[in-house]
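Note: the block below is protein_33.cif and it holds mmCIF, C-alpha atoms.
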```
data_model
loop_
_atom_site.label_atom_id
_atom_site.label_comp_id
_atom_site.auth_asym_id
_atom_site.auth_seq_id
_atom_site.Cartn_x
_atom_site.Cartn_y
_atom_site.Cartn_z
CA MET K 1 25.91 35.50 16.47
CA PHE K 2 22.27 34.58 17.03
CA ASN K 3 21.02 37.93 15.74
CA VAL K 4 20.99 36.47 12.25
CA PHE K 5 17.99 34.32 13.19
CA LYS K 6 15.99 37.48 13.92
CA ARG K 7 15.95 38.32 10.22
CA LYS K 8 12.70 37.43 8.45
CA SER K 9 14.56 36.53 5.27
CA ILE K 10 16.25 33.60 7.04
CA TRP K 11 12.94 32.08 8.11
CA ILE K 12 11.35 32.72 4.71
CA SER K 13 14.25 31.02 2.95
CA MET K 14 13.99 28.02 5.29
CA LEU K 15 10.25 27.78 4.63
CA VAL K 16 10.76 27.96 0.87
CA ALA K 17 13.47 25.29 1.11
CA ALA K 18 11.17 23.01 3.10
CA VAL K 19 8.35 23.42 0.56
CA LEU K 20 10.65 22.70 -2.37
CA ILE K 21 12.07 19.61 -0.64
CA GLY K 22 8.55 18.39 0.05
CA LEU K 23 7.55 18.83 -3.60
CA PHE K 24 10.69 17.04 -4.76
CA ALA K 25 10.10 14.17 -2.31
CA PHE K 26 6.46 13.84 -3.46
CA ALA K 27 7.61 13.73 -7.09
CA GLN K 28 10.10 10.98 -6.29
CA VAL K 29 7.86 8.82 -4.11
CA GLY K 30 4.53 9.58 -5.75
CA ALA K 31 5.75 8.53 -9.17
CA ARG K 32 6.51 5.09 -7.75
CA SER K 33 3.31 4.66 -5.78
CA THR K 34 0.79 5.63 -8.47
CA VAL K 35 1.81 3.17 -11.17
CA LYS K 36 -1.18 1.89 -13.15
CA VAL K 37 -1.06 -1.24 -15.25
CA ARG K 38 -3.23 -2.30 -18.13
CA HIS K 39 -3.47 -5.63 -19.95
CA LEU K 40 -0.71 -7.12 -17.80
CA PRO K 41 0.06 -10.61 -19.20
CA LEU K 42 -0.50 -13.40 -16.65
CA ALA K 43 -0.36 -17.12 -17.31
CA LEU K 44 -3.45 -19.22 -16.61
CA VAL K 45 -2.91 -22.93 -16.05
CA VAL K 46 -6.05 -25.06 -15.61
CA ASN K 47 -5.40 -28.64 -14.48
CA ASP K 48 -9.06 -29.42 -13.80
CA ASN K 49 -11.75 -29.91 -16.42
CA GLY K 50 -14.68 -29.91 -14.01
CA LYS K 51 -17.64 -27.56 -13.97
CA ASP K 52 -16.52 -25.45 -11.00
CA ALA K 53 -13.02 -24.94 -12.39
CA LYS K 54 -14.52 -23.81 -15.70
CA ASN K 55 -16.79 -21.37 -13.87
CA VAL K 56 -13.80 -19.80 -12.12
CA VAL K 57 -11.93 -19.49 -15.42
CA LYS K 58 -15.01 -17.92 -17.02
CA LYS K 59 -15.21 -15.30 -14.27
CA LEU K 60 -11.52 -14.46 -14.57
CA ARG K 61 -11.65 -14.07 -18.33
CA LYS K 62 -14.86 -12.06 -18.24
CA GLU K 63 -13.14 -9.26 -16.30
CA SER K 64 -10.14 -9.27 -18.63
CA HIS K 65 -12.27 -8.49 -21.72
CA ARG K 66 -12.81 -4.89 -20.63
CA LYS K 67 -10.75 -2.24 -22.44
CA SER K 68 -9.40 -0.94 -19.15
CA ALA K 69 -8.73 -4.41 -17.74
CA GLU K 70 -5.56 -4.74 -15.69
CA ILE K 71 -4.93 -8.37 -16.65
CA LYS K 72 -4.59 -10.19 -19.96
CA TRP K 73 -4.64 -13.97 -19.55
CA VAL K 74 -2.19 -16.15 -21.46
CA ASN K 75 -3.23 -19.80 -21.72
CA VAL K 76 -0.48 -22.19 -20.61
CA THR K 77 -0.83 -25.97 -20.78
CA HIS K 78 1.58 -27.14 -18.08
CA THR K 79 3.03 -25.62 -14.91
CA SER K 80 6.51 -26.65 -16.09
CA GLU K 81 6.30 -24.00 -18.83
CA LEU K 82 6.11 -21.14 -16.34
CA THR K 83 9.86 -20.95 -15.66
CA LYS K 84 10.64 -20.33 -19.32
CA GLY K 85 7.82 -17.81 -19.64
CA PHE K 86 9.01 -15.83 -16.59
CA ALA K 87 12.57 -15.78 -17.89
CA SER K 88 11.53 -14.50 -21.33
CA GLY K 89 9.16 -11.87 -19.90
CA LYS K 90 6.17 -13.44 -21.66
CA TYR K 91 4.17 -13.04 -18.45
CA TYR K 92 4.83 -11.60 -15.00
CA GLY K 93 2.81 -14.02 -12.90
CA ALA K 94 0.49 -16.99 -13.08
CA VAL K 95 -2.66 -18.52 -11.64
CA VAL K 96 -2.71 -22.32 -11.44
CA ILE K 97 -5.97 -24.16 -10.77
CA HIS K 98 -4.97 -27.58 -9.49
CA SER K 99 -6.59 -30.89 -10.36
CA GLY K 100 -9.33 -31.92 -7.97
CA PHE K 101 -10.65 -28.36 -7.74
CA THR K 102 -14.19 -29.28 -8.82
CA GLN K 103 -14.15 -32.43 -6.70
CA ALA K 104 -13.31 -30.38 -3.59
CA ILE K 105 -16.11 -27.86 -4.26
CA ASN K 106 -18.59 -30.70 -4.83
CA GLN K 107 -17.48 -32.32 -1.60
CA GLN K 108 -18.14 -29.08 0.27
CA THR K 109 -21.59 -28.80 -1.31
CA ASP K 110 -22.40 -32.42 -0.42
CA TYR K 111 -21.24 -31.85 3.15
CA LEU K 112 -23.61 -28.89 3.48
CA LYS K 113 -26.41 -30.94 1.93
CA GLY K 114 -25.78 -33.75 4.41
CA LYS K 115 -25.98 -31.33 7.34
CA ILE K 116 -29.31 -30.00 6.06
CA ILE K 117 -30.75 -33.52 5.72
CA THR K 118 -29.52 -34.44 9.21
CA GLN K 119 -31.21 -31.42 10.78
CA LYS K 120 -34.49 -32.05 8.94
CA LEU K 121 -34.50 -35.71 10.02
CA ALA K 122 -33.86 -34.73 13.63
CA ALA K 123 -36.76 -32.28 13.55
CA LEU K 124 -39.00 -34.94 11.97
CA VAL K 125 -38.21 -37.47 14.70
CA VAL K 126 -39.16 -34.95 17.38
CA LYS K 127 -42.59 -34.46 15.79
CA THR K 128 -43.19 -38.10 14.78
CA PRO K 129 -40.91 -40.57 16.62
CA MET K 130 -42.33 -43.61 14.79
CA VAL K 131 -41.08 -42.31 11.43
CA ALA K 132 -37.54 -43.24 12.42
CA GLU K 133 -38.40 -46.91 11.84
CA THR K 134 -39.50 -46.43 8.22
CA ALA K 135 -37.35 -47.39 5.24
CA PRO K 136 -37.32 -43.91 3.58
CA PHE K 137 -36.13 -42.37 6.85
CA GLN K 138 -33.34 -44.93 7.16
CA GLN K 139 -32.27 -44.28 3.57
CA GLN K 140 -32.14 -40.53 4.12
CA ARG K 141 -30.14 -40.95 7.31
CA ALA K 142 -27.69 -43.26 5.56
CA LEU K 143 -27.31 -40.69 2.77
CA ALA K 144 -26.70 -37.87 5.28
CA ASN K 145 -24.12 -39.94 7.13
CA SER K 146 -22.26 -40.73 3.90
CA LEU K 147 -22.20 -37.05 2.90
CA THR K 148 -20.90 -35.81 6.27
CA LYS K 149 -18.65 -38.76 7.12
CA LYS K 150 -15.57 -37.07 5.69
CA ALA K 151 -14.63 -33.45 6.35
CA PRO K 152 -14.61 -31.41 3.13
CA GLU K 153 -11.26 -30.46 1.63
CA GLN K 154 -10.28 -27.08 0.22
CA ALA K 155 -9.94 -26.51 -3.50
CA LYS K 156 -6.40 -25.45 -4.34
CA ILE K 157 -5.07 -22.54 -6.37
CA SER K 158 -1.42 -21.48 -6.64
CA LEU K 159 -0.40 -17.90 -7.40
CA TYR K 160 2.99 -17.21 -8.98
CA VAL K 161 4.75 -13.85 -8.98
CA SER K 162 7.99 -13.30 -10.91
CA GLN K 163 9.87 -10.62 -8.98
CA GLY K 164 12.85 -10.53 -11.34
CA SER K 165 10.75 -9.59 -14.37
CA ASN K 166 9.62 -6.23 -12.98
CA MET K 167 9.78 -5.36 -9.30
CA THR K 168 7.04 -2.72 -9.46
CA VAL K 169 4.64 -5.09 -11.22
CA ALA K 170 5.61 -7.88 -8.81
CA ASN K 171 4.66 -5.72 -5.82
CA ILE K 172 1.28 -4.99 -7.43
CA LEU K 173 0.62 -8.67 -8.15
CA THR K 174 1.67 -9.73 -4.65
CA THR K 175 -1.28 -7.72 -3.36
CA ALA K 176 -3.73 -8.04 -6.27
CA LEU K 177 -3.67 -11.82 -6.83
CA PRO K 178 -4.51 -12.80 -3.22
CA LYS K 179 -7.33 -10.23 -3.28
CA MET K 180 -8.68 -11.92 -6.39
CA THR K 181 -8.82 -15.34 -4.70
CA ASP K 182 -10.25 -13.76 -1.54
CA HIS K 183 -13.08 -12.43 -3.69
CA LEU K 184 -13.72 -15.94 -5.05
CA ASN K 185 -13.70 -17.36 -1.52
CA GLN K 186 -16.16 -14.74 -0.35
CA LYS K 187 -18.50 -15.39 -3.25
CA ILE K 188 -18.59 -19.17 -2.75
CA SER K 189 -18.96 -18.93 1.04
CA ASN K 190 -21.84 -16.45 0.56
CA GLU K 191 -23.58 -19.03 -1.63
CA TYR K 192 -23.20 -21.57 1.18
CA ILE K 193 -24.63 -19.09 3.67
CA THR K 194 -27.62 -18.43 1.40
CA VAL K 195 -28.37 -22.16 1.08
CA ALA K 196 -28.02 -22.66 4.84
CA ASN K 197 -30.31 -19.74 5.65
CA LYS K 198 -33.02 -20.88 3.22
CA SER K 199 -32.97 -24.31 4.81
CA GLY K 200 -32.93 -22.94 8.35
CA LEU K 201 -29.64 -24.74 9.02
CA THR K 202 -27.64 -23.80 12.08
CA LEU K 203 -23.98 -24.78 11.75
CA SER K 204 -21.58 -25.05 14.66
CA PRO K 205 -18.37 -22.95 14.49
CA GLN K 206 -16.42 -26.15 13.85
CA ASP K 207 -18.64 -27.14 10.91
CA TRP K 208 -18.70 -23.63 9.48
CA SER K 209 -14.89 -23.39 9.61
CA LYS K 210 -14.80 -26.21 7.07
CA LEU K 211 -16.86 -24.18 4.60
CA GLN K 212 -15.75 -20.61 5.36
CA THR K 213 -12.65 -20.76 3.15
CA PRO K 214 -13.51 -23.03 0.18
CA ILE K 215 -10.29 -22.26 -1.71
CA HIS K 216 -6.79 -22.61 -0.30
CA THR K 217 -4.33 -20.21 -1.94
CA THR K 218 -0.56 -20.56 -2.04
CA LEU K 219 1.58 -17.58 -3.10
CA ILE K 220 4.87 -18.56 -4.74
CA LYS K 221 7.57 -16.02 -5.64
CA ARG K 222 9.92 -16.81 -8.51
CA ASN K 223 13.16 -15.05 -9.49
CA LYS K 224 13.31 -13.47 -6.04
CA VAL K 225 14.97 -10.09 -5.59
CA SER K 226 16.77 -9.31 -2.34
CA THR K 227 14.95 -6.79 -0.18
CA LYS K 228 18.30 -5.24 0.75
CA GLU K 229 18.72 -4.01 -2.81
CA ILE K 230 15.29 -2.38 -2.73
CA SER K 231 15.74 -0.61 0.61
CA GLY K 232 19.21 0.61 -0.35
CA MET K 233 17.70 3.65 -2.09
CA ALA K 234 16.54 5.15 1.21
CA PRO K 235 19.95 6.51 2.39
CA PHE K 236 20.62 7.83 -1.11
CA LEU K 237 17.31 9.73 -1.24
CA VAL K 238 17.84 11.16 2.25
CA THR K 239 21.28 12.42 1.23
CA ILE K 240 19.86 13.98 -1.92
CA PHE K 241 17.13 15.77 0.05
CA CYS K 242 19.62 17.13 2.59
CA TRP K 243 21.99 18.31 -0.14
CA LEU K 244 19.15 19.92 -2.10
CA GLY K 245 17.83 21.67 1.00
CA SER K 246 21.24 23.05 1.90
CA LEU K 247 21.79 24.25 -1.67
CA ILE K 248 18.41 26.00 -1.89
CA ALA K 249 18.84 27.67 1.49
CA SER K 250 22.33 28.86 0.59
CA LEU K 251 21.22 30.32 -2.72
CA LEU K 252 18.29 32.15 -1.15
CA ASN K 253 20.48 33.59 1.60
#
```
As a first step, turn the structure in this file into structure tokens.
Amino acid sequence: MFNVFKRKSIWISMLVAAVLIGLFAFAQVGARSTVKVRHLPLALVVNDNGKDAKNVVKKLRKESHRKSAEIKWVNVTHTSELTKGFASGKYYGAVVIHSGFTQAINQQTDYLKGKIITQKLAALVVKTPMVAETAPFQQQRALANSLTKKAPEQAKISLYVSQGSNMTVANILTTALPKMTDHLNQKISNEYITVANKSGLTLSPQDWSKLQTPIHTTLIKRNKVSTKEISGMAPFLVTIFCWLGSLIASLLN
């Protein structure tokens, strides 16, 4: 009975079947994993009219002006309008810059400034102890204390992803939008590092943790789709591959 496996044609047919199944599987999975989007409409809600909020908006829109840009921003006045826009398919996600964004960034900058003044005053007292009794010194110390009295708060941005509009696009946005805010965080924190280095400021880990992540991001999913429905294709695809492999092997034999 086992003599049949000594025939080269059996092994060749099995190899051909395996190659064909692999190509078919790559065609099925690869088509889903190499989706590229262009000019994807996203809502942009700006609830802060300050300078820093405007700078962020300017950076976001600058990238969207390219012909190959992945995102096309749609201006939306209020957050309450997002539900209707998601339902109608007008946009697939949203970025909301909350009120107080500029105030939080300014507070972080002032906190860093206060730390720099404090360190300079401490170094000055070591060199000239009598200067601590002068009025200008007292004024600078009072200013530094007022700037560092309160721990800086994070600026807030909310990211919305509408899963029900298009699941493939939703998966892309779930990864792409947080990366976008991470890039903003990195850029602002690098500016803080540059200022600190130029001033010779040495921050403790506790102080630096307050400035390391200037923007707090919240990811919100709307029109959620059950993950069970998504993963339900796996048994179906496995069955198809097994059936196709058996069919190919039978035909070749």
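Closest approach to Leu203 (chain K) from the set K:Lys113, K:Lys127, K:Lys179, K:Lys221 is made by K:Lys113, with distances taken over only C-alpha atoms.
Residues of protein, DNA and RNA with at least one atom no farther than 10 Å from (-10.3, -28.5, -2.9) are, using all atoms listed in the file, Ile97, His98, Ser99, Gly100, Phe101, Thr102, Gln103, Ala104, Ile105, Asn106, Gln107, Gln108, Pro152, Glu153, Gln154, Ala155, Lys156, Ile157, Pro214, Ile215 and His216 of chain K.
The spacing separating CA of Val56 (chain K) from CA of Gly89 (chain K) amounts to 25.5 Å.
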- Task: Evaluate the PyMOL selection byres ((chain K and resi 111) around 12) here and jot the selected residues down as number ranges by chain.
- Result: K: 104-110, 112-118, 143-153, 192, 196, 203, 207-208, 210-211
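Interatomic distance, CA of Leu42 (chain K) against CA of Lys84 (chain K): 13.4 Å.
As for CA of Val169 (chain K) and CA of Thr213 (chain K), they are spaced 27.4 Å apart.
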- Message: Need to verify the contact set: region 73-83 of chain K, 6 Å, all atoms listed in the file, exclusion of same-chain residues closer than 2 positions in sequence. Can you return it as a list in words?
- Response: Pro41, Leu42, Ala43, Leu44, Val45, Gly85 and Phe86 of chain K
For region 176-183 of chain K, take all atoms listed in the file, fit an axis-aligned box around them, add 6 Å to each of the six sides, then output centre and edge lengths in Å rounded to one decimal, as AutoDock Vina command-line options.
```
--center_x -8.4 --center_y -11.7 --center_z -4.2 --size_x 21.4 --size_y 19.3 --size_z 17.3
```
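For the file shown, the residue list from the PyMOL selection byres ((chain K and resi 95) around 6) reads Leu44, Ala94, Val96, Ser158 and Leu159 of chain K.
Shell of Pro178 (chain K) at 12 Å, with only C-alpha atoms counted and residues fewer than 2 places along the chain excluded, is Ala94, Val95, Ile157, Ser158, Leu159, Tyr160, Val161, Asn171, Ile172, Leu173, Thr174, Thr175, Ala176, Met180, Thr181, Asp182, His183, Leu184, Asn185, Ile215, His216, Thr217, Thr218, Leu219 and Ile220 of chain K.
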- Thr134 (chain K): which residues within 12 Å, counting all atoms listed in the file, same-chain residues fewer than 6 positions away excluded, as a VMD selection string? chain K and resid 121 125 128 140 to 141
